[in-house]
Each structure stands twice: as C-alpha cells, then as structure tokens.
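A.B. asks: This is the content of target.txt (compact mmCIF, C-alpha atoms):
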```
# COMPACT_ATOMS: atom_id res chain seq x y z
CA MET A 76 -16.84 -49.11 16.83
CA LYS A 77 -16.31 -45.67 15.25
CA SER A 78 -19.30 -43.41 14.76
CA THR A 79 -20.83 -42.65 11.38
CA PHE A 80 -18.95 -39.35 11.28
CA GLN A 81 -15.64 -40.79 12.46
CA LYS A 82 -15.54 -43.28 9.59
CA VAL A 83 -15.67 -40.46 7.04
CA LEU A 84 -12.52 -38.86 5.65
CA ALA A 85 -14.05 -36.53 3.07
CA VAL A 86 -17.33 -36.05 1.24
CA VAL A 87 -18.68 -33.37 -1.05
CA LEU A 88 -22.45 -33.31 -1.54
CA PRO A 89 -25.40 -30.91 -1.46
CA LEU A 90 -26.60 -30.56 2.13
CA MET A 91 -29.20 -28.60 4.08
CA ILE A 92 -28.41 -25.04 5.09
CA LEU A 93 -30.50 -22.24 6.51
CA ILE A 94 -29.15 -18.75 5.96
CA SER A 95 -30.28 -15.14 6.06
CA GLY A 96 -28.48 -11.92 5.30
CA SER A 97 -28.97 -8.32 6.41
CA ARG A 98 -27.11 -5.21 5.43
CA VAL A 99 -25.32 -3.46 8.24
CA PHE A 100 -26.39 -0.04 6.97
CA ALA A 101 -29.97 -0.87 5.96
CA ASP A 102 -33.12 -2.18 7.59
CA ALA A 103 -34.03 -4.45 4.67
CA THR A 104 -33.19 -8.16 4.88
CA ASN A 105 -31.73 -9.76 1.76
CA GLU A 106 -31.63 -13.48 1.17
CA TRP A 107 -28.27 -14.97 0.28
CA ASN A 108 -28.04 -18.14 -1.78
CA ALA A 109 -25.93 -20.63 0.16
CA GLN A 110 -24.83 -24.21 -0.24
CA VAL A 111 -22.76 -26.58 1.86
CA THR A 112 -20.22 -27.87 -0.64
CA GLY A 113 -18.00 -30.05 1.53
CA LEU A 114 -17.70 -31.98 4.77
CA ARG A 115 -14.49 -33.43 6.17
CA VAL A 116 -14.03 -35.43 9.38
CA ILE A 117 -10.57 -36.59 10.41
CA THR A 118 -9.73 -38.78 13.40
CA PRO A 119 -6.42 -38.35 15.30
CA SER A 120 -3.39 -40.00 13.74
CA THR A 121 -2.10 -43.21 15.31
CA ASP A 122 1.41 -41.93 14.53
CA THR A 123 2.37 -39.81 17.53
CA LYS A 124 5.04 -38.05 15.47
CA ASN A 125 2.55 -36.92 12.84
CA ASN A 126 -0.42 -34.70 13.66
CA PHE A 127 -1.96 -35.26 10.21
CA ASN A 128 -3.93 -38.36 9.29
CA GLY A 129 -4.59 -40.36 6.13
CA ALA A 130 -4.08 -39.58 2.48
CA LEU A 131 -5.81 -36.21 2.90
CA MET A 132 -2.96 -35.03 5.14
CA ALA A 133 -5.35 -33.01 7.30
CA PRO A 134 -5.35 -32.41 11.08
CA PRO A 135 -7.97 -34.11 13.28
CA GLY A 136 -11.33 -32.39 13.56
CA VAL A 137 -14.31 -31.38 11.45
CA ALA A 138 -14.54 -28.86 8.61
CA VAL A 139 -17.66 -27.77 6.72
CA GLU A 140 -17.29 -25.67 3.55
CA VAL A 141 -20.09 -23.22 2.72
CA ARG A 142 -20.52 -21.24 -0.51
CA LEU A 143 -22.22 -17.83 -0.11
CA THR A 144 -23.70 -16.06 -3.14
CA PRO A 145 -25.02 -12.50 -2.67
CA PRO A 146 -28.47 -11.42 -3.90
CA TYR A 147 -26.78 -8.64 -5.89
CA GLY A 148 -23.29 -7.31 -6.62
CA LYS A 149 -19.91 -8.99 -6.24
CA VAL A 150 -18.12 -10.20 -3.12
CA ILE A 151 -14.76 -8.45 -2.94
CA ASN A 152 -13.56 -9.12 0.60
CA ILE A 153 -14.24 -11.17 3.74
CA ASN A 154 -13.51 -9.68 7.15
CA GLN A 155 -12.16 -12.72 8.99
CA ASN A 156 -11.57 -10.78 12.21
CA ALA A 157 -15.19 -9.63 12.42
CA SER A 158 -16.64 -13.00 11.35
CA LYS A 159 -17.41 -15.41 14.18
CA VAL A 160 -18.57 -18.97 14.80
CA ASP A 161 -20.83 -18.95 17.87
CA SER A 162 -21.58 -22.66 18.16
CA PHE A 163 -20.60 -25.97 16.52
CA THR A 164 -22.37 -29.00 17.99
CA ASP A 165 -23.71 -32.42 17.00
CA ASP A 166 -27.17 -33.85 17.66
CA LYS A 167 -25.83 -35.58 20.80
CA GLY A 168 -25.04 -32.22 22.37
CA THR A 169 -21.27 -32.43 21.87
CA ASP A 170 -19.54 -29.04 21.77
CA LEU A 171 -16.94 -29.44 19.04
CA LEU A 172 -15.52 -25.96 19.70
CA ALA A 173 -14.56 -26.98 23.26
CA VAL A 174 -11.53 -28.89 22.00
CA GLN A 175 -8.51 -26.63 21.56
CA SER A 176 -5.75 -27.20 19.04
CA ASP A 177 -2.21 -25.90 18.59
CA ASN A 178 -2.40 -26.76 14.90
CA PRO A 179 -3.03 -23.58 12.86
CA PHE A 180 -5.01 -25.62 10.32
CA SER A 181 -7.61 -26.79 12.84
CA LYS A 182 -8.18 -23.75 15.04
CA PRO A 183 -11.85 -23.58 16.12
CA GLY A 184 -13.83 -21.08 14.05
CA PHE A 185 -13.32 -19.97 10.48
CA GLY A 186 -10.44 -21.43 8.49
CA ILE A 187 -9.84 -20.65 4.82
CA MET A 188 -12.05 -17.82 3.51
CA ASP A 189 -11.95 -17.07 -0.23
CA SER A 190 -13.60 -14.16 -2.05
CA SER A 191 -11.44 -14.28 -5.19
CA LYS A 192 -14.24 -15.57 -7.46
CA GLY A 193 -16.29 -12.41 -6.94
CA ALA A 194 -19.62 -14.02 -7.84
CA TYR A 195 -19.55 -15.90 -4.53
CA ALA A 196 -17.42 -16.51 -1.44
CA THR A 197 -16.46 -19.76 0.25
CA VAL A 198 -15.74 -20.22 3.95
CA ASP A 199 -14.49 -23.20 5.91
CA ILE A 200 -16.07 -23.61 9.34
CA GLN A 201 -13.91 -25.87 11.45
CA ALA A 202 -13.59 -27.40 14.89
CA ALA A 203 -10.87 -29.51 16.51
CA GLY A 204 -13.41 -31.72 18.29
CA LEU A 205 -15.08 -34.84 16.86
CA PRO A 206 -18.78 -35.79 16.89
CA ALA A 207 -19.95 -38.28 19.52
CA LYS A 208 -20.58 -41.94 18.71
CA GLY A 209 -23.91 -42.27 16.92
CA ALA A 210 -24.15 -38.59 15.97
CA THR A 211 -25.61 -37.93 12.52
CA VAL A 212 -26.17 -34.15 12.35
CA LEU A 213 -24.00 -31.07 12.80
CA ASN A 214 -25.46 -27.73 13.93
CA ILE A 215 -23.46 -24.56 13.33
CA SER A 216 -24.30 -20.92 13.90
CA GLY A 217 -22.40 -17.67 13.56
CA LYS A 218 -21.92 -14.77 11.21
CA VAL A 219 -19.77 -13.85 8.21
CA VAL A 220 -18.92 -10.19 7.53
CA LEU A 221 -18.25 -9.42 3.88
CA GLU A 222 -17.75 -6.43 1.62
CA ILE A 223 -19.69 -6.35 -1.64
CA ALA A 224 -19.74 -3.95 -4.58
CA THR A 225 -22.66 -3.11 -6.84
CA GLY A 226 -20.57 -2.34 -9.93
CA THR A 227 -17.27 -1.15 -11.38
CA ASN A 228 -15.85 2.00 -12.91
CA LEU A 229 -12.83 2.51 -15.18
CA PHE A 230 -10.10 5.09 -14.54
CA THR A 231 -7.35 5.80 -17.09
CA VAL A 232 -4.02 7.31 -16.08
CA ASP A 233 -1.83 8.34 -19.01
CA ASN A 234 1.95 8.51 -19.17
CA VAL A 235 2.92 7.01 -15.80
CA GLU A 236 6.68 6.85 -15.29
CA MET A 237 7.55 3.29 -14.28
CA LYS A 238 10.23 3.91 -11.68
CA THR A 239 10.56 3.85 -7.90
CA ASN A 240 8.93 6.87 -6.16
CA SER A 241 6.86 7.78 -9.21
CA ALA A 242 3.44 9.07 -8.07
CA PHE A 243 0.00 9.27 -9.70
CA THR A 244 -3.68 9.12 -8.74
CA ILE A 245 -6.53 6.77 -9.62
CA GLY A 246 -9.64 8.90 -9.20
CA ASP A 247 -8.89 10.62 -5.89
CA LEU A 248 -6.67 7.78 -4.59
CA PRO A 249 -2.97 8.77 -4.38
CA ILE A 250 -0.60 5.94 -5.34
CA MET A 251 3.18 5.66 -5.43
CA ILE A 252 5.34 3.08 -7.18
CA SER A 253 7.42 2.00 -4.21
CA ASN A 254 9.55 -0.60 -5.99
CA VAL A 255 10.46 -1.73 -9.51
CA GLU A 256 12.84 -4.65 -9.83
CA THR A 257 13.83 -7.57 -12.00
CA ASN A 258 11.81 -10.62 -10.97
CA ARG A 259 14.03 -12.67 -8.67
CA ASN A 260 11.93 -15.80 -9.09
CA SER A 261 13.71 -17.53 -12.01
CA TRP A 262 10.67 -19.67 -12.86
CA MET A 263 8.34 -16.66 -12.89
CA ALA A 264 10.90 -14.53 -14.75
CA LYS A 265 10.51 -16.74 -17.83
CA ASP A 266 7.17 -15.05 -18.48
CA TYR A 267 7.19 -12.00 -16.20
CA LYS A 268 10.58 -10.28 -16.13
CA TYR A 269 9.69 -7.44 -13.75
CA HIS A 270 8.04 -7.03 -10.36
CA VAL A 271 6.31 -3.74 -9.46
CA THR A 272 4.89 -2.67 -6.09
CA PHE A 273 2.17 0.02 -5.89
CA SER A 274 1.63 1.59 -2.46
CA SER A 275 -0.74 4.02 -0.75
CA LEU A 276 -1.47 5.25 2.76
CA ARG A 277 -5.16 4.77 1.93
CA ASP A 278 -6.95 1.46 1.49
CA MET A 279 -6.58 0.15 -2.08
CA GLY A 280 -9.22 -2.56 -1.68
CA ASN A 281 -11.56 -0.90 -4.17
CA ILE A 282 -9.10 -1.62 -7.01
CA SER A 283 -10.27 -4.74 -8.82
CA LYS A 284 -7.43 -4.89 -11.36
CA LEU A 285 -4.79 -2.84 -13.15
CA GLU A 286 -4.02 -3.14 -16.86
CA PHE A 287 -0.92 -1.73 -18.53
CA PHE A 288 -0.35 -0.39 -22.06
CA ASP A 289 2.68 1.10 -23.76
CA LEU A 290 2.35 4.58 -25.23
CA GLN A 291 1.55 3.07 -28.65
CA GLY A 292 -1.53 1.38 -27.13
CA ASN A 293 -0.16 -2.17 -26.99
CA LYS A 294 -1.25 -4.13 -23.94
CA ILE A 295 1.54 -5.33 -21.64
CA GLY A 296 1.04 -8.74 -20.03
CA ALA A 297 0.71 -8.51 -16.24
CA SER A 298 -0.46 -10.62 -13.32
CA LYS A 299 -1.38 -9.51 -9.80
CA SER A 300 0.83 -11.42 -7.36
CA SER A 301 -0.15 -10.12 -3.90
CA TRP A 302 -1.98 -7.39 -2.05
CA GLY A 303 -2.72 -6.34 1.51
CA GLY A 304 -2.03 -3.74 4.15
CA GLY A 305 -3.10 -2.14 7.40
CA PRO A 306 -2.61 1.00 9.51
CA LEU A 307 0.91 1.59 8.15
CA GLY A 308 -0.13 1.48 4.50
CA TYR A 309 -1.42 -0.69 1.65
CA MET A 310 0.16 -2.31 -1.37
CA ILE A 311 -0.59 -4.19 -4.60
CA GLU A 312 2.14 -6.13 -6.40
CA TYR A 313 2.18 -7.04 -10.09
CA ASN A 314 4.45 -9.21 -12.21
CA ILE A 315 4.90 -7.56 -15.62
CA LYS A 316 6.17 -9.16 -18.82
CA GLN A 317 8.23 -6.24 -20.07
CA ASN A 318 9.64 -3.04 -18.71
CA VAL A 319 8.94 0.27 -20.44
CA ASP A 320 9.82 3.76 -19.27
CA ARG A 321 6.24 5.02 -19.36
CA VAL A 322 2.85 3.31 -19.48
CA LYS A 323 -0.85 3.99 -19.58
CA ILE A 324 -2.66 2.35 -16.65
CA VAL A 325 -6.34 1.42 -16.84
CA ALA A 326 -7.77 0.68 -13.40
CA THR A 327 -11.02 -1.22 -12.85
CA CYS A 328 -12.38 -0.09 -9.48
CA TRP A 329 -15.27 -1.37 -7.43
CA GLN A 330 -18.18 1.04 -6.90
CA GLY A 331 -21.07 1.07 -4.42
CA LEU A 332 -19.15 -0.65 -1.62
CA GLU A 333 -21.24 -2.06 1.23
CA THR A 334 -20.39 -4.01 4.36
CA VAL A 335 -22.78 -6.92 4.87
CA GLU A 336 -23.23 -9.08 7.96
CA VAL A 337 -24.59 -12.52 7.09
CA PRO A 338 -25.92 -14.54 10.05
CA ILE A 339 -25.69 -18.27 9.33
CA SER A 340 -27.45 -21.28 10.77
CA VAL A 341 -26.28 -24.60 9.34
CA LYS A 342 -27.82 -28.00 9.95
CA THR A 343 -26.07 -30.70 7.99
CA GLY A 344 -25.25 -34.39 7.94
CA LEU A 345 -24.64 -37.17 5.47
CA GLY A 346 -27.36 -37.24 2.81
CA LEU A 347 -29.65 -34.68 4.44
```
Would you write the structure of this file as structure tokens?

C.D. replies:
Amino acid sequence: MKSTFQKVLAVVLPLMILISGSRVFADATNEWNAQVTGLRVITPSTDTKNNFNGALMAPPGVAVEVRLTPPYGKVININQNASKVDSFTDDKGTDLLAVQSDNPFSKPGFGIMDSSKGAYATVDIQAAGLPAKGATVLNISGKVVLEIATGTNLFTVDNVEMKTNSAFTIGDLPIMISNVETNRNSWMAKDYKYHVTFSSLRDMGNISKLEFFDLQGNKIGASKSSWGGGPLGYMIEYNIKQNVDRVKIVATCWQGLETVEVPISVKTGLGL
C-alpha cells in the first residue's frame, strides 16, 4: 500500500511554515512573510522509457513551493548559487536529499526561483527521494539569499543614436548598444519588428526597466526579452515595435540595494 504522500500527485493549500530573516549587513532581524503555496509528490514511472510520471509530466520526487514576501522594499534578484537547502526529511527520519538524480528537473536543493513579481519571490525546494510509508510531515531547512531594493529612481537620456556601438550612460553606468537587428522571430516580428541588445562591463541588475520615446515625445512600444551576464559582461535585450534613428530613453533604476540572507525552517504536511 502506498503511503499518504505517495498517493498525492499535486496539491496547493496553505500550510505551516516557520521563517526568519536577517540582513547580511545589519544586526537587526526582520520578519519575512512566507507561505507554502504548493506541494507535489511524484512516484517513479512504471514506463522504463519515460522518466516522467502521470498527467503532470514531472520527474519522481518531492517539491515544495514557498512564497517569500519582504518586510520592506522589492525583491529584484535571487542568488541561486549562494542559496542552500541543508536538510529535507520526513517525520520517519528519511533523508530525501540522499537520493541523487540525473534529471535536471529533480536535482536535490532549489529548483525554479522567481523574483519577477517584485513584491515577493517564489522558490521551489525539491528532492529526488520519496517519503517513507506512513510519513505525514516534511521538515526542510536552509537559506535563501536575495537582493532587495528600497525604492526606484528615474534617469532620462536624451537623443540616443539607435545603432550598433552607440554609447551612453544611465547615471554613472556606461552602456553600449551592442546589436540592433530586425527581429528574426517571425511570430514576434508581427508586433516587435526590431531587437536591440544593451551591454555593459558593469552589472546592470539595478535597471528595472527601459522606456523609449521618439524625439517628438511619442512612446515606442517595447518589451524586455532577456537579461543576464557575468565576469565577461552584462546585457539586457529588448524587442521594439519600430525603429527610429534617435530616441529618448527613460530608465527606472532600483535604489537602496541590499543583500538579504533568509534562513528558512519549513514544517509542512497535508492539512497542517
């Protein structure tokens, strides 16, 4: 007979969570509002040719989703490399992290981490192991390292030439347009005809968004498509609806950046 956990494919419900937060650069402890928003348990597939099971098409193992809301400011980034799950057990003493997996979607530790909402972040805590028969509670501990901002500031850059190798600054941040091209994605090109890449040798993570206007003050439709970087440089890419020779750029930039380490201690089960 399968255990209570092993019968479950997916459930989303309010569950019990204990959490505390402390700033890395301050002695004060700040309480974070946190909620477990999802629990998924998947047993191994009986189809040896398919490592995913059931209609959910998920790999075997356990995943718990937690929403983290800061006591102030906005969440702008999660440092997945610095975040760590220390333990993931059930109330029978089973170590769910002990089971290794070659599947990238069920690696023990943190899975998907999303800070795009700003007002809160969500993290998936996952393990490839399954709870023991008769287990009813999961216990998880670790830490999540995030970057938060206390506000925003606007910077306006007039008369930017929209061509490759054009350079300008946002505040004291030097930026170069490293590529301007016709959008090669035919579906995307219906609405956004051009693709522009902005680059810098310095981290551009404090840029919340860029807005574009023609020299007559008319706003040009644009959508951020990707961003990232590392030691070799940083980039932000935008799809833009129309191409003009020169634009005004209004940049919304995060201010008051802080790195926050949030220790977590989760105790959760069905209906707790």

A.B. asks: Report the distance between atom CA of A:Asn178 and atom CA of A:Ile117 in Å, rounded to one decimal place.

C.D. replies: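 Separation between atom CA of A:Asn178 and atom CA of A:Ile117: 13.5 Å.
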
A.B. asks: When you look at stretch 220-233 of chain A with a cut-off of 9 Å (counting all atoms listed in the file), what residues show up, excluding the ones that are within fewer than 4 positions of it in the same chain? I need them as a count of residues only.

C.D. replies: 42

A.B. asks: Using all atoms listed in the file, collect all residues at a distance of at most 6 Å from (-21.5, -22.4, 2.9) as written in the file, then present them as number ranges by chain.

C.D. replies: A: 109-111, 140-143

A.B. asks: May I have the protein, DNA and RNA residues with an atom at most 8 Å from (-26.1, -41.2, 18.3), counting all atoms listed in the file in the file's coordinates, returned as a PyMOL selection string?

C.D. replies: chain A and resi 78+166-167+207-211

A.B. asks: Using all atoms listed in the file, find the one residue out of A:Ile339, A:Met251, A:Leu285, A:Ile295 that sits nearest to A:Tyr269.

C.D. replies: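 Once distances to A:Tyr269 are computed over all atoms listed in the file, the minimum belongs to A:Ile295.
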
A.B. asks: In Å, rounded to a single decimal, give me how far atom CA of A:Gly204 is from atom CA of A:Gly184.

C.D. replies: 11.5 Å

A.B. asks: Atom CA of A:Ala194 to atom CA of A:Tyr313: how many Å, to one decimal?

C.D. replies: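 It comes out at 23.0 Å.
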
A.B. asks: Using all atoms listed in the file, find the one residue out of A:Gly168, A:Asn254, A:Pro306, A:Phe288 that sits nearest to A:Val212.

C.D. replies: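 Using all atoms listed in the file, the shortest distance to A:Val212 belongs to A:Gly168.
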
A.B. asks: A:Gly308: which residues within 7 Å, counting all atoms listed in the file, same-chain residues fewer than 4 positions away excluded, as a list in words?

C.D. replies: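 After dropping sequence-adjacent residues, the list is Ser275, Leu276, Arg277 and Gly304 of chain A.
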
A.B. asks: Using only C-alpha atoms, find the one residue out of A:Gly280, A:Trp107, A:Pro119, A:Ala203 that sits nearest to A:Asp177.

C.D. replies: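 Of A:Gly280, A:Trp107, A:Pro119, A:Ala203, the one nearest A:Asp177, counting only C-alpha atoms, is A:Ala203.
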
A.B. asks: Using only C-alpha atoms, which of A:Asp320, A:Lys192, A:Trp262, A:Gln201 sits nearest A:Lys238?

C.D. replies: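 The shortest atom-to-atom distance to A:Lys238 comes from A:Asp320.
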
A.B. asks: What lies within 12 Å of A:Arg259 using only C-alpha atoms, ignoring chain neighbours under 3 positions off, as a list in words?

C.D. replies: Val255, Glu256, Trp262, Met263, Ala264, Lys265, Tyr267, Lys268, Tyr269, His270, Val271 and Asn314 of chain A
